[in-house]
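Report on the following structure.
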Amino acid sequence: MNNEIFSINGPVVKVKDTKDFSMLEMVYVGEKRLIGEVIGITEEFTTIQVYEVTTGLKPGEPVYPTGSPMCATLAPGIITNIFDGIQRPLKKIEEISGAFIAEGANVPALDEERLFDVKVVVKPGDALKGGDIYATCPETPLIEHRCMLSPNLSGVVTWTAPDGKYKITDKVAEIKTDDGKTVELTLMQKWPIRQPRPSKERLPISRPLITGQRVIDTILPIAKGGAAAIPGGFGTGKTMTQHQLAKWCDADIIVYIGCGERGNEMTQVLEEFSELIDPKSGNHLTDRTVLIANTSNMPVAAREASIYTGITLAEYYRDMGYHIAIMADSTSRWAEALREISGRLEEMPAEEGFPAYLPSRLSEFYERAGYVETLNGKEGSITIIGAVSPQGSDFSEPVTQNTKRFVRCFWALDKALAYARHYPAINWTMSYSEYTDDLADFYNKNVSEDFLLCRQEISNILIEENKLMEIVKLIGADVLPDDQKLVIEIARVVRVGFLQQNAYHKDDTYVPLEKQLYMMQLILNLYKNAKNAIAIGIPISEITALGLFEKVIKVKYDIPNDKLDMFNEYNAEINSAFSELMQRHS
């Protein structure tokens with residue numbers, strides 16, 4: 001049967017009167033063999049979305065079926081690489097076609113000539129089931145790559161190669177499956193990007209993703225295997241916050257998906273990532289990073305696929321027993337790609353022109369986060385941190401609202417805080433985290449039983465200040481009684497001394513949980529002493545004249561992260577200053 005293009009509408013191509021294609025099959029479109037995917041089949045038409053620029057494509061050109069779905073190539077060589085939305089290596093494409101991606105650039109996803117130092121960890125006679133590891137090799141100085149049997153296979157090993165240097169396409173073992181077939185095992189496997197990889201069991205979420213950012217770790221924590229959204233208007237620091245998390249969070253591997261961002265911003269990300277030094281190992285951060293770059297001037301359909309490509313790569317490393325953090329920047333641009341394709345398919349639009357299936361697509365993505373026991377009995381997790389870019393900082397728009405339904409951690413960025421140079425610009429009154437109770441045992445066992453109590457008191461001070469500021473806006477601060485003036489004063493210490501962080505200061509860019517606890521205890525000690533002083537009639541002006549408020553604000557810089565015993569001196573100084581003050585008034 002002649003499979004010829006019938007009509008072309010941007011990235012949407014239709015083929016008439018054919019039964020040769022199946023739903024979600026990958027196809028090659030036109031003489032240039034552009035990569036596409038079947039997204040709709042009716043009696044009359046097969047609809048294909050093309051992941052490349054369709055300029056110059058003409059009706060009558062052939063469409064070739066492949067018989068398989070859109071897959072990611074999984075093998076050593078993924079980490080340190082930079083891919084586009086459909087896992088084509090951008091550096092390799094640049095060598096072939098220069099600064100712009102040529103149509104039909106058919107480049108293998110991974111370097112098939114590179115040799116890896118492979119150790120085969122099975123022997124003939126071993127029974128293997130899906131997910132079992134049969135070979136390992138150092139992929140980077142930080143990450144050991146573990147080649148696993150595809151989840152759909154099982155059998156008995158009949159032959160293994162000796163340890164040595166192999167390409168990803170070389171045979172390293174052979175198994176005989178239960179139905180008697182012989183299957184060759186290389187270092188490479190393929191997996192459909194829209195299908196989640198299976199795991200043995202989803203485990204309860206009970207450990208925090210420690211980021212060293214106080215407003216996150218203490219006030220709005222995220223768990224390993226959790227999902228968080230960072231919504232914020234233009235210039236509020238979404239990308240910057242994600243960079244800081246990528247550098248400092250205690251995940252083993254970072255998958256950064258630049259989805260529909262401006263080209264110059266993405267270039268900056270790629271350049272900065274290649275220069276960043278990993279604080280944990282002293283190596284380059286790229287040694288444990290995968291970058292997927294799909295800028296706003298790249299084909300819109302590939303932007304839609306980039307999210308699935310990224311999560312599939314993350315699931316592959318999760319199955320090896322690693323903890324992965326995914327930074328998706330930004331899911332709004334991905335939703336806009338859905339909207340554009342939906343419009344070209346002439347589907348009925350829902351709110352603000354987005355397709356009616358936007359919520360289900362968002363949930364499909366965020367549902368793939370989780371803390372799991374893998375098929376080979378290890379533990380691994382995927383934590384998703386998705387940036388949302390609502391137009392005009394309007395959090396009531398559909399992408400933000402629907403994302404809110406599927407994440408349990410919401411870090412709302414505030415323009416006013418960003419313009420006041422308060423970073424991270426997370427607004428503590430609009431944000432929330434539902435993971436605190438799940439993480440309580442971890443904090444009690446690993447930090448202190450005081451941690452969550454102090455967190456609650458600090459949060460209460462901020463809530464109280466928020467209420468008081470409504471009154472201050474109406475009638476001014478002078479009419480407030482001293483105990484309420486104290487709340488505003490101590491809340492300033494919390495905001496400036498605790499929540500605000502300086503990424504360029506060696507001790508303030510990353511703060512361990514123990515220091516976060518001591519800082520909270522110091523602030524609360526100051527608050528308790530000041531409250532007692534006000535209770536016996538000492539005016540607030542005398543208390544602020546002691547200079548202790550400013551001193552406590554500067555603690556984040558003045559006490560190094562490795563000299564936490566200095567907090568005892570500060571607490572003693574506060575206690576003695578207040579006892580002298582109270583003696584003078586007694």
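Residue numbering restarts at 1 for every chain of the structure tokens, chains are lettered A, B, ... in their displayed order, and ligands are numbered from 1 as they appear.
Those residues that approach Asn3 of chain A to within 9 Å, counting only C-alpha atoms, are A:Met1, A:Ile5, A:Val15, A:Lys16, A:Asp17, A:Thr18, A:Asp20, A:Gly60, A:Glu61, A:Pro62, A:Val63, A:Tyr64, A:Pro65; same-chain residues fewer than 2 positions away are not listed.
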Produce a table with one row for each residue of segment 497-541 of chain A that has an atom at most 10 Å from any atom of segment 425-435 of chain A, each row naming the nearest atom pair and its distance in Å at one decimal; use only C-alpha atoms; arrange rows by chain and rising residue number; format as a Markdown table.
| residue | atom | partner | partner_atom | distance |
| --- | --- | --- | --- | --- |
| A:Leu499 | CA | A:Ile426 | CA | 8.9 |
| A:Gln500 | CA | A:Ala425 | CA | 8.1 |
| A:Gln501 | CA | A:Ala425 | CA | 9.7 |
Might you pull out every residue within 7 Å of segment 571-580 of chain A, with only C-alpha atoms counted and same-chain residues fewer than 4 positions away left off, and present them as a ChimeraX atom specification? /A:522,526,529,567,584
Each segment 448-559 of chain A residue no farther than 12 Å from segment 249-270 of chain A, nearest pair in Å, only C-alpha atoms, as JSON lines:
{"residue": "A:Thr509", "atom": "CA", "partner": "A:Cys249", "partner_atom": "CA", "distance": 11.7}
{"residue": "A:Tyr510", "atom": "CA", "partner": "A:Cys249", "partner_atom": "CA", "distance": 9.3}
{"residue": "A:Val511", "atom": "CA", "partner": "A:Cys249", "partner_atom": "CA", "distance": 11.1}
{"residue": "A:Pro512", "atom": "CA", "partner": "A:Cys249", "partner_atom": "CA", "distance": 11.1}
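Between atom CA of Thr160 of chain A and atom CA of Glu373 of chain A lies a distance of 27.5 Å.
Considering only C-alpha atoms, the residue among A:Phe365, A:Tyr317, A:Tyr527, A:Tyr504 positioned nearest to Gln484 of chain A is A:Tyr527.
Across A:Leu480, A:Ile534, A:Leu452, A:Leu245, the tightest approach to Ile210 of chain A is made by A:Leu245 when counting only C-alpha atoms.
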List the spatial neighbours of segment 553-560 of chain A as JSON, numbers by chain - criterion: any atom at most 12 Å away, only C-alpha atoms, same-chain residues fewer than 2 positions off excluded. {"A": [214, 489, 490, 491, 492, 493, 494, 495, 496, 497, 498, 499, 500, 501, 502, 503, 504, 505, 506, 507, 508, 509, 510, 511, 512, 515, 516, 518, 519, 520, 522, 523, 526, 547, 548, 549, 550, 551, 562, 563, 564, 565, 566, 567, 568, 569, 570, 571]}
Those in segment 13-158 of chain A with strand (DSSP E or B) from DSSP, as a CSV table (one decimal) with N, CA, C and O atoms, in the first residue's frame:
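This went into result-v4.csv:
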chain,number,residue,atom,x,y,z
A,13,VAL,N,1.0,15.8,10.4
A,13,VAL,CA,0.9,15.3,9.0
A,13,VAL,C,-0.1,14.2,9.0
A,13,VAL,O,-0.2,13.4,9.9
A,14,LYS,N,-0.9,14.2,7.9
A,14,LYS,CA,-1.9,13.1,7.8
A,14,LYS,C,-1.6,12.2,6.5
A,14,LYS,O,-1.2,12.7,5.5
A,15,VAL,N,-1.9,10.9,6.7
A,15,VAL,CA,-1.8,9.9,5.6
A,15,VAL,C,-3.2,9.4,5.5
A,15,VAL,O,-3.9,9.0,6.4
A,16,LYS,N,-3.6,9.2,4.2
A,16,LYS,CA,-5.0,8.8,3.9
A,16,LYS,C,-5.1,7.3,3.5
A,16,LYS,O,-4.1,6.8,2.9
A,25,GLU,N,3.1,4.5,17.2
A,25,GLU,CA,4.3,3.9,16.5
A,25,GLU,C,5.2,5.0,16.0
A,25,GLU,O,4.7,6.1,15.6
A,26,MET,N,6.5,4.8,16.1
A,26,MET,CA,7.4,5.8,15.5
A,26,MET,C,7.5,5.5,14.0
A,26,MET,O,7.5,4.4,13.5
A,27,VAL,N,7.5,6.6,13.2
A,27,VAL,CA,7.6,6.6,11.8
A,27,VAL,C,8.6,7.5,11.2
A,27,VAL,O,9.1,8.4,11.9
A,28,TYR,N,9.0,7.3,10.0
A,28,TYR,CA,9.9,8.3,9.3
A,28,TYR,C,9.1,8.9,8.2
A,28,TYR,O,8.4,8.3,7.4
A,29,VAL,N,9.1,10.3,8.2
A,29,VAL,CA,8.2,11.0,7.3
A,29,VAL,C,9.0,11.7,6.2
A,29,VAL,O,10.0,12.4,6.5
A,34,LEU,N,12.2,12.3,8.4
A,34,LEU,CA,12.0,13.1,9.7
A,34,LEU,C,11.3,12.1,10.7
A,34,LEU,O,10.5,11.3,10.3
A,35,ILE,N,11.7,12.3,11.9
A,35,ILE,CA,11.2,11.4,13.0
A,35,ILE,C,9.8,11.8,13.4
A,35,ILE,O,9.6,13.0,13.6
A,36,GLY,N,8.8,10.9,13.4
A,36,GLY,CA,7.5,11.3,13.8
A,36,GLY,C,6.8,10.1,14.6
A,36,GLY,O,7.4,9.1,14.8
A,37,GLU,N,5.6,10.4,15.2
A,37,GLU,CA,4.9,9.4,16.0
A,37,GLU,C,3.4,9.5,15.7
A,37,GLU,O,2.9,10.6,15.5
A,38,VAL,N,2.8,8.3,15.5
A,38,VAL,CA,1.4,8.2,15.2
A,38,VAL,C,0.6,8.6,16.5
A,38,VAL,O,0.7,8.0,17.5
A,39,ILE,N,-0.3,9.6,16.3
A,39,ILE,CA,-1.0,10.1,17.5
A,39,ILE,C,-2.6,10.0,17.3
A,39,ILE,O,-3.3,10.3,18.2
A,40,GLY,N,-3.0,9.5,16.1
A,40,GLY,CA,-4.4,9.3,15.9
A,40,GLY,C,-4.7,8.5,14.7
A,40,GLY,O,-4.0,8.6,13.7
A,41,ILE,N,-5.6,7.6,14.8
A,41,ILE,CA,-6.0,6.7,13.6
A,41,ILE,C,-7.5,6.7,13.5
A,41,ILE,O,-8.2,6.4,14.5
A,45,PHE,N,-8.1,8.5,8.0
A,45,PHE,CA,-6.8,9.2,8.2
A,45,PHE,C,-5.9,8.6,9.3
A,45,PHE,O,-6.5,8.2,10.4
A,46,THR,N,-4.6,8.6,9.1
A,46,THR,CA,-3.7,8.4,10.2
A,46,THR,C,-3.0,9.7,10.4
A,46,THR,O,-2.4,10.3,9.5
A,47,THR,N,-3.0,10.2,11.7
A,47,THR,CA,-2.4,11.5,12.0
A,47,THR,C,-1.1,11.2,12.7
A,47,THR,O,-0.9,10.4,13.6
A,48,ILE,N,-0.1,12.0,12.3
A,48,ILE,CA,1.3,11.8,12.8
A,48,ILE,C,1.8,13.2,13.3
A,48,ILE,O,1.6,14.2,12.6
A,49,GLN,N,2.5,13.2,14.5
A,49,GLN,CA,3.1,14.4,14.8
A,49,GLN,C,4.6,14.3,14.6
A,49,GLN,O,5.2,13.2,14.9
A,50,VAL,N,5.2,15.3,13.9
A,50,VAL,CA,6.6,15.2,13.5
A,50,VAL,C,7.5,16.0,14.5
A,50,VAL,O,7.1,17.1,14.9
A,62,PRO,N,6.7,9.9,0.8
A,62,PRO,CA,6.4,8.6,1.5
A,62,PRO,C,6.5,8.7,3.0
A,62,PRO,O,7.2,9.6,3.5
A,63,VAL,N,5.8,7.9,3.7
A,63,VAL,CA,5.9,7.7,5.2
A,63,VAL,C,6.3,6.3,5.5
A,63,VAL,O,5.6,5.4,5.0
A,64,TYR,N,7.3,6.0,6.2
A,64,TYR,CA,7.8,4.7,6.5
A,64,TYR,C,7.5,4.2,7.9
A,64,TYR,O,7.9,4.9,8.9
A,65,PRO,N,6.8,3.1,8.1
A,65,PRO,CA,6.5,2.6,9.4
A,65,PRO,C,7.8,1.9,10.0
A,65,PRO,O,8.7,1.5,9.2
A,66,THR,N,7.9,1.9,11.3
A,66,THR,CA,9.1,1.2,11.9
A,66,THR,C,8.6,-0.1,12.7
A,66,THR,O,9.5,-0.9,13.0
A,67,GLY,N,7.3,-0.1,13.1
A,67,GLY,CA,6.8,-1.2,13.8
A,67,GLY,C,7.1,-1.2,15.3
A,67,GLY,O,6.7,-2.1,16.1
A,68,SER,N,7.8,-0.1,15.8
A,68,SER,CA,8.1,0.0,17.2
A,68,SER,C,7.7,1.4,17.7
A,68,SER,O,7.7,2.4,17.0
A,69,PRO,N,7.4,1.5,19.1
A,69,PRO,CA,7.1,2.9,19.6
A,69,PRO,C,8.3,3.8,19.7
A,69,PRO,O,9.4,3.3,19.5
A,71,CYS,N,11.2,5.2,21.4
A,71,CYS,CA,12.0,4.6,22.5
A,71,CYS,C,13.2,5.5,22.8
A,71,CYS,O,13.7,6.2,22.0
A,72,ALA,N,13.6,5.4,24.1
A,72,ALA,CA,14.9,6.0,24.5
A,72,ALA,C,15.9,4.9,24.5
A,72,ALA,O,15.6,3.7,24.8
A,73,THR,N,17.1,5.2,24.1
A,73,THR,CA,18.3,4.3,24.1
A,73,THR,C,18.9,4.4,25.4
A,73,THR,O,19.4,5.4,25.9
A,74,LEU,N,19.0,3.2,26.1
A,74,LEU,CA,19.5,3.2,27.5
A,74,LEU,C,20.8,2.4,27.5
A,74,LEU,O,20.8,1.2,27.2
A,82,ILE,N,24.5,15.9,26.3
A,82,ILE,CA,23.5,16.9,26.1
A,82,ILE,C,22.6,16.4,24.9
A,82,ILE,O,23.1,16.3,23.8
A,83,PHE,N,21.3,16.2,25.2
A,83,PHE,CA,20.4,15.7,24.2
A,83,PHE,C,19.4,16.7,23.8
A,83,PHE,O,19.1,17.7,24.6
A,89,PRO,N,22.1,13.5,20.3
A,89,PRO,CA,23.1,14.2,21.0
A,89,PRO,C,23.5,15.5,20.2
A,89,PRO,O,23.9,15.5,19.1
A,116,PHE,N,34.1,0.9,26.8
A,116,PHE,CA,33.9,0.9,28.3
A,116,PHE,C,34.5,-0.3,28.9
A,116,PHE,O,34.6,-1.3,28.3
A,117,ASP,N,35.0,0.0,30.1
A,117,ASP,CA,35.7,-1.1,30.9
A,117,ASP,C,34.7,-2.0,31.6
A,117,ASP,O,34.2,-1.7,32.7
A,118,VAL,N,34.3,-3.1,30.9
A,118,VAL,CA,33.1,-3.8,31.4
A,118,VAL,C,33.5,-5.0,32.2
A,118,VAL,O,34.5,-5.7,31.9
A,119,LYS,N,32.7,-5.2,33.3
A,119,LYS,CA,32.9,-6.4,34.2
A,119,LYS,C,31.6,-7.2,34.1
A,119,LYS,O,30.6,-6.6,34.5
A,120,VAL,N,31.7,-8.4,33.6
A,120,VAL,CA,30.4,-9.2,33.6
A,120,VAL,C,30.3,-9.9,34.9
A,120,VAL,O,31.2,-10.6,35.4
A,127,ALA,N,20.4,-18.1,36.7
A,127,ALA,CA,19.0,-17.7,36.2
A,127,ALA,C,18.8,-16.2,36.4
A,127,ALA,O,19.1,-15.7,37.5
A,128,LEU,N,18.4,-15.5,35.3
A,128,LEU,CA,18.2,-14.1,35.4
A,128,LEU,C,16.7,-13.8,35.2
A,128,LEU,O,16.1,-14.4,34.4
A,133,ILE,N,21.0,-7.4,37.2
A,133,ILE,CA,22.3,-6.8,36.7
A,133,ILE,C,23.2,-7.9,36.2
A,133,ILE,O,23.4,-8.9,36.9
A,134,TYR,N,23.6,-7.8,34.9
A,134,TYR,CA,24.5,-8.8,34.3
A,134,TYR,C,25.9,-8.2,34.0
A,134,TYR,O,26.8,-9.0,33.8
A,135,ALA,N,26.1,-6.9,34.0
A,135,ALA,CA,27.4,-6.3,33.7
A,135,ALA,C,27.5,-4.9,34.3
A,135,ALA,O,26.4,-4.2,34.5
A,136,THR,N,28.7,-4.5,34.7
A,136,THR,CA,28.8,-3.1,35.2
A,136,THR,C,30.1,-2.5,34.5
A,136,THR,O,31.0,-3.2,34.1
A,137,CYS,N,30.1,-1.2,34.5
A,137,CYS,CA,31.2,-0.4,34.0
A,137,CYS,C,31.2,1.0,34.6
A,137,CYS,O,30.1,1.5,34.9
A,138,PRO,N,32.4,1.6,34.8
A,138,PRO,CA,32.4,3.0,35.3
A,138,PRO,C,32.0,3.9,34.2
A,138,PRO,O,32.7,4.0,33.2
A,144,GLU,N,28.7,4.4,38.6
A,144,GLU,CA,28.9,3.0,38.0
A,144,GLU,C,27.6,2.7,37.3
A,144,GLU,O,26.5,2.7,37.8
A,145,HIS,N,27.8,2.3,36.0
A,145,HIS,CA,26.7,1.9,35.2
A,145,HIS,C,26.4,0.4,35.4
A,145,HIS,O,27.3,-0.4,35.3
A,146,ARG,N,25.1,0.1,35.7
A,146,ARG,CA,24.8,-1.3,35.9
A,146,ARG,C,23.8,-1.7,34.8
A,146,ARG,O,22.7,-1.2,34.7
A,147,CYS,N,24.3,-2.6,33.9
A,147,CYS,CA,23.5,-3.1,32.8
A,147,CYS,C,22.5,-4.1,33.3
A,147,CYS,O,22.9,-5.1,33.8
A,148,MET,N,21.2,-3.9,33.1
A,148,MET,CA,20.1,-4.7,33.6
A,148,MET,C,19.4,-5.4,32.5
A,148,MET,O,19.2,-4.9,31.4
A,155,GLY,N,15.5,-15.7,31.9
A,155,GLY,CA,16.1,-16.9,31.3
A,155,GLY,C,17.4,-17.3,32.0
A,155,GLY,O,17.7,-16.8,33.1
A,156,VAL,N,18.1,-18.2,31.4
A,156,VAL,CA,19.3,-18.8,32.0
A,156,VAL,C,20.5,-18.4,31.1
A,156,VAL,O,20.5,-18.5,29.9
A,157,VAL,N,21.6,-17.9,31.8
A,157,VAL,CA,22.8,-17.5,31.1
A,157,VAL,C,23.5,-18.7,30.5
A,157,VAL,O,23.7,-19.7,31.2
A,158,THR,N,23.8,-18.6,29.2
A,158,THR,CA,24.4,-19.8,28.5
A,158,THR,C,25.9,-19.4,28.1
A,158,THR,O,26.7,-20.3,27.9
Excluding Ile382 of chain A and residues on its chain fewer than 2 positions from it, collect all residues at most 8 Å away from it, counting only C-alpha atoms, and give them as a PDB file with all heavy atoms, in the first residue's frame.
ATOM      1  N   LYS A 224      12.542  12.633  49.265  1.00  0.00           N
ATOM      2  CA  LYS A 224      13.077  11.852  48.143  1.00  0.00           C
ATOM      3  C   LYS A 224      11.934  11.019  47.589  1.00  0.00           C
ATOM      4  O   LYS A 224      11.258  10.302  48.322  1.00  0.00           O
ATOM      5  CB  LYS A 224      14.195  10.932  48.626  1.00  0.00           C
ATOM      6  CG  LYS A 224      15.543  11.601  48.628  1.00  0.00           C
ATOM      7  CD  LYS A 224      16.655  10.652  48.981  1.00  0.00           C
ATOM      8  CE  LYS A 224      17.971  11.429  48.996  1.00  0.00           C
ATOM      9  NZ  LYS A 224      19.021  10.711  49.678  1.00  0.00           N
ATOM     10  N   GLY A 225      11.714  11.123  46.273  1.00  0.00           N
ATOM     11  CA  GLY A 225      10.575  10.431  45.678  1.00  0.00           C
ATOM     12  C   GLY A 225       9.334  11.290  45.637  1.00  0.00           C
ATOM     13  O   GLY A 225       8.272  10.848  45.228  1.00  0.00           O
ATOM     14  N   GLY A 226       9.463  12.550  46.052  1.00  0.00           N
ATOM     15  CA  GLY A 226       8.323  13.463  46.049  1.00  0.00           C
ATOM     16  C   GLY A 226       8.273  14.295  44.774  1.00  0.00           C
ATOM     17  O   GLY A 226       9.090  14.138  43.872  1.00  0.00           O
ATOM     18  N   ALA A 314      15.690   8.906  33.723  1.00  0.00           N
ATOM     19  CA  ALA A 314      15.746   8.915  35.192  1.00  0.00           C
ATOM     20  C   ALA A 314      15.317   7.562  35.766  1.00  0.00           C
ATOM     21  O   ALA A 314      15.943   7.044  36.692  1.00  0.00           O
ATOM     22  CB  ALA A 314      14.850  10.031  35.733  1.00  0.00           C
ATOM     23  N   GLU A 315      14.252   6.992  35.197  1.00  0.00           N
ATOM     24  CA  GLU A 315      13.776   5.689  35.695  1.00  0.00           C
ATOM     25  C   GLU A 315      14.816   4.593  35.481  1.00  0.00           C
ATOM     26  O   GLU A 315      14.958   3.690  36.304  1.00  0.00           O
ATOM     27  CB  GLU A 315      12.471   5.301  34.985  1.00  0.00           C
ATOM     28  CG  GLU A 315      11.269   6.072  35.488  1.00  0.00           C
ATOM     29  CD  GLU A 315      10.000   5.776  34.708  1.00  0.00           C
ATOM     30  OE1 GLU A 315      10.084   5.295  33.565  1.00  0.00           O
ATOM     31  OE2 GLU A 315       8.919   6.045  35.247  1.00  0.00           O
ATOM     32  N   ARG A 318      17.255   5.030  38.199  1.00  0.00           N
ATOM     33  CA  ARG A 318      16.584   4.650  39.451  1.00  0.00           C
ATOM     34  C   ARG A 318      16.620   3.133  39.625  1.00  0.00           C
ATOM     35  O   ARG A 318      16.868   2.618  40.714  1.00  0.00           O
ATOM     36  CB  ARG A 318      15.129   5.136  39.430  1.00  0.00           C
ATOM     37  CG  ARG A 318      14.297   4.702  40.619  1.00  0.00           C
ATOM     38  CD  ARG A 318      12.819   4.642  40.266  1.00  0.00           C
ATOM     39  NE  ARG A 318      12.510   3.568  39.335  1.00  0.00           N
ATOM     40  CZ  ARG A 318      11.346   3.413  38.735  1.00  0.00           C
ATOM     41  NH1 ARG A 318      10.381   4.282  38.929  1.00  0.00           N
ATOM     42  NH2 ARG A 318      11.133   2.392  37.907  1.00  0.00           N
ATOM     43  N   HIS A 323      19.470   7.577  43.408  1.00  0.00           N
ATOM     44  CA  HIS A 323      18.441   8.585  43.718  1.00  0.00           C
ATOM     45  C   HIS A 323      18.590   9.725  42.713  1.00  0.00           C
ATOM     46  O   HIS A 323      19.656  10.335  42.608  1.00  0.00           O
ATOM     47  CB  HIS A 323      18.604   9.084  45.158  1.00  0.00           C
ATOM     48  CG  HIS A 323      18.422   7.987  46.170  1.00  0.00           C
ATOM     49  ND1 HIS A 323      17.178   7.496  46.498  1.00  0.00           N
ATOM     50  CD2 HIS A 323      19.318   7.261  46.873  1.00  0.00           C
ATOM     51  CE1 HIS A 323      17.323   6.516  47.390  1.00  0.00           C
ATOM     52  NE2 HIS A 323      18.608   6.362  47.627  1.00  0.00           N
ATOM     53  N   ILE A 324      17.516  10.009  41.990  1.00  0.00           N
ATOM     54  CA  ILE A 324      17.571  10.977  40.884  1.00  0.00           C
ATOM     55  C   ILE A 324      16.727  12.200  41.237  1.00  0.00           C
ATOM     56  O   ILE A 324      15.640  12.064  41.808  1.00  0.00           O
ATOM     57  CB  ILE A 324      16.980  10.370  39.572  1.00  0.00           C
ATOM     58  CG1 ILE A 324      17.336   8.900  39.422  1.00  0.00           C
ATOM     59  CG2 ILE A 324      17.372  11.192  38.366  1.00  0.00           C
ATOM     60  CD1 ILE A 324      18.775   8.569  39.267  1.00  0.00           C
ATOM     61  N   ALA A 325      17.211  13.376  40.872  1.00  0.00           N
ATOM     62  CA  ALA A 325      16.385  14.591  40.959  1.00  0.00           C
ATOM     63  C   ALA A 325      16.205  15.124  39.543  1.00  0.00           C
ATOM     64  O   ALA A 325      17.187  15.320  38.818  1.00  0.00           O
ATOM     65  CB  ALA A 325      17.055  15.639  41.839  1.00  0.00           C
ATOM     66  N   ILE A 326      14.947  15.329  39.154  1.00  0.00           N
ATOM     67  CA  ILE A 326      14.645  15.874  37.821  1.00  0.00           C
ATOM     68  C   ILE A 326      14.273  17.344  37.972  1.00  0.00           C
ATOM     69  O   ILE A 326      13.409  17.693  38.775  1.00  0.00           O
ATOM     70  CB  ILE A 326      13.461  15.139  37.176  1.00  0.00           C
ATOM     71  CG1 ILE A 326      13.871  13.730  36.779  1.00  0.00           C
ATOM     72  CG2 ILE A 326      12.964  15.868  35.946  1.00  0.00           C
ATOM     73  CD1 ILE A 326      12.868  13.022  35.925  1.00  0.00           C
ATOM     74  N   ARG A 368       5.157   9.598  37.900  1.00  0.00           N
ATOM     75  CA  ARG A 368       6.354   8.773  37.692  1.00  0.00           C
ATOM     76  C   ARG A 368       7.454   9.094  38.705  1.00  0.00           C
ATOM     77  O   ARG A 368       8.507   8.459  38.703  1.00  0.00           O
ATOM     78  CB  ARG A 368       6.841   8.904  36.243  1.00  0.00           C
ATOM     79  CG  ARG A 368       5.922   8.149  35.290  1.00  0.00           C
ATOM     80  CD  ARG A 368       6.192   8.406  33.813  1.00  0.00           C
ATOM     81  NE  ARG A 368       7.324   7.649  33.293  1.00  0.00           N
ATOM     82  CZ  ARG A 368       7.617   7.540  32.006  1.00  0.00           C
ATOM     83  NH1 ARG A 368       6.844   8.121  31.098  1.00  0.00           N
ATOM     84  NH2 ARG A 368       8.672   6.850  31.600  1.00  0.00           N
ATOM     85  N   ALA A 369       7.209  10.071  39.584  1.00  0.00           N
ATOM     86  CA  ALA A 369       8.106  10.273  40.731  1.00  0.00           C
ATOM     87  C   ALA A 369       7.810   9.152  41.731  1.00  0.00           C
ATOM     88  O   ALA A 369       6.778   8.495  41.644  1.00  0.00           O
ATOM     89  CB  ALA A 369       7.845  11.631  41.373  1.00  0.00           C
ATOM     90  N   GLY A 370       8.700   8.931  42.678  1.00  0.00           N
ATOM     91  CA  GLY A 370       8.411   7.934  43.710  1.00  0.00           C
ATOM     92  C   GLY A 370       9.670   7.308  44.271  1.00  0.00           C
ATOM     93  O   GLY A 370      10.750   7.390  43.680  1.00  0.00           O
ATOM     94  N   TYR A 371       9.516   6.699  45.434  1.00  0.00           N
ATOM     95  CA  TYR A 371      10.594   5.971  46.107  1.00  0.00           C
ATOM     96  C   TYR A 371      10.237   4.498  45.971  1.00  0.00           C
ATOM     97  O   TYR A 371       9.164   4.086  46.408  1.00  0.00           O
ATOM     98  CB  TYR A 371      10.656   6.372  47.587  1.00  0.00           C
ATOM     99  CG  TYR A 371      11.965   6.076  48.260  1.00  0.00           C
ATOM    100  CD1 TYR A 371      12.855   7.094  48.576  1.00  0.00           C
ATOM    101  CD2 TYR A 371      12.334   4.774  48.589  1.00  0.00           C
ATOM    102  CE1 TYR A 371      14.075   6.828  49.197  1.00  0.00           C
ATOM    103  CE2 TYR A 371      13.548   4.499  49.197  1.00  0.00           C
ATOM    104  CZ  TYR A 371      14.411   5.533  49.509  1.00  0.00           C
ATOM    105  OH  TYR A 371      15.623   5.257  50.112  1.00  0.00           O
ATOM    106  N   GLY A 380      15.637   2.900  45.046  1.00  0.00           N
ATOM    107  CA  GLY A 380      15.953   4.059  44.219  1.00  0.00           C
ATOM    108  C   GLY A 380      14.791   5.042  44.269  1.00  0.00           C
ATOM    109  O   GLY A 380      13.687   4.683  44.683  1.00  0.00           O
ATOM    110  N   ILE A 384      10.778  14.879  41.441  1.00  0.00           N
ATOM    111  CA  ILE A 384      10.536  15.801  40.323  1.00  0.00           C
ATOM    112  C   ILE A 384      10.327  17.212  40.867  1.00  0.00           C
ATOM    113  O   ILE A 384       9.491  17.424  41.748  1.00  0.00           O
ATOM    114  CB  ILE A 384       9.296  15.384  39.507  1.00  0.00           C
ATOM    115  CG1 ILE A 384       9.510  14.000  38.889  1.00  0.00           C
ATOM    116  CG2 ILE A 384       9.002  16.405  38.414  1.00  0.00           C
ATOM    117  CD1 ILE A 384       8.319  13.483  38.102  1.00  0.00           C
TER     118      ILE A 384
END
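Picture a line from atom CA of Tyr166 of chain A to atom CA of Ser381 of chain A; it runs 29.2 Å.
Of the residues under consideration (A:Ala356, A:Ala533, A:Met298, A:Leu209), A:Leu209 shows the shortest atom-to-atom contact distance to Pro221 of chain A when counting only C-alpha atoms.
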Which residue, A:Phe273, A:Phe100, A:Tyr308, A:Trp411, has the smallest gap to Thr241 of chain A when you use only C-alpha atoms? A:Trp411
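If you look at atom CA of Ile277 of chain A and atom CA of Asn81 of chain A, they are 16.5 Å away from each other.
Closest approach to Thr182 of chain A among A:Ala477, A:Leu153, A:Leu276, A:Ile540 is made by A:Leu153 (distances from only C-alpha atoms).
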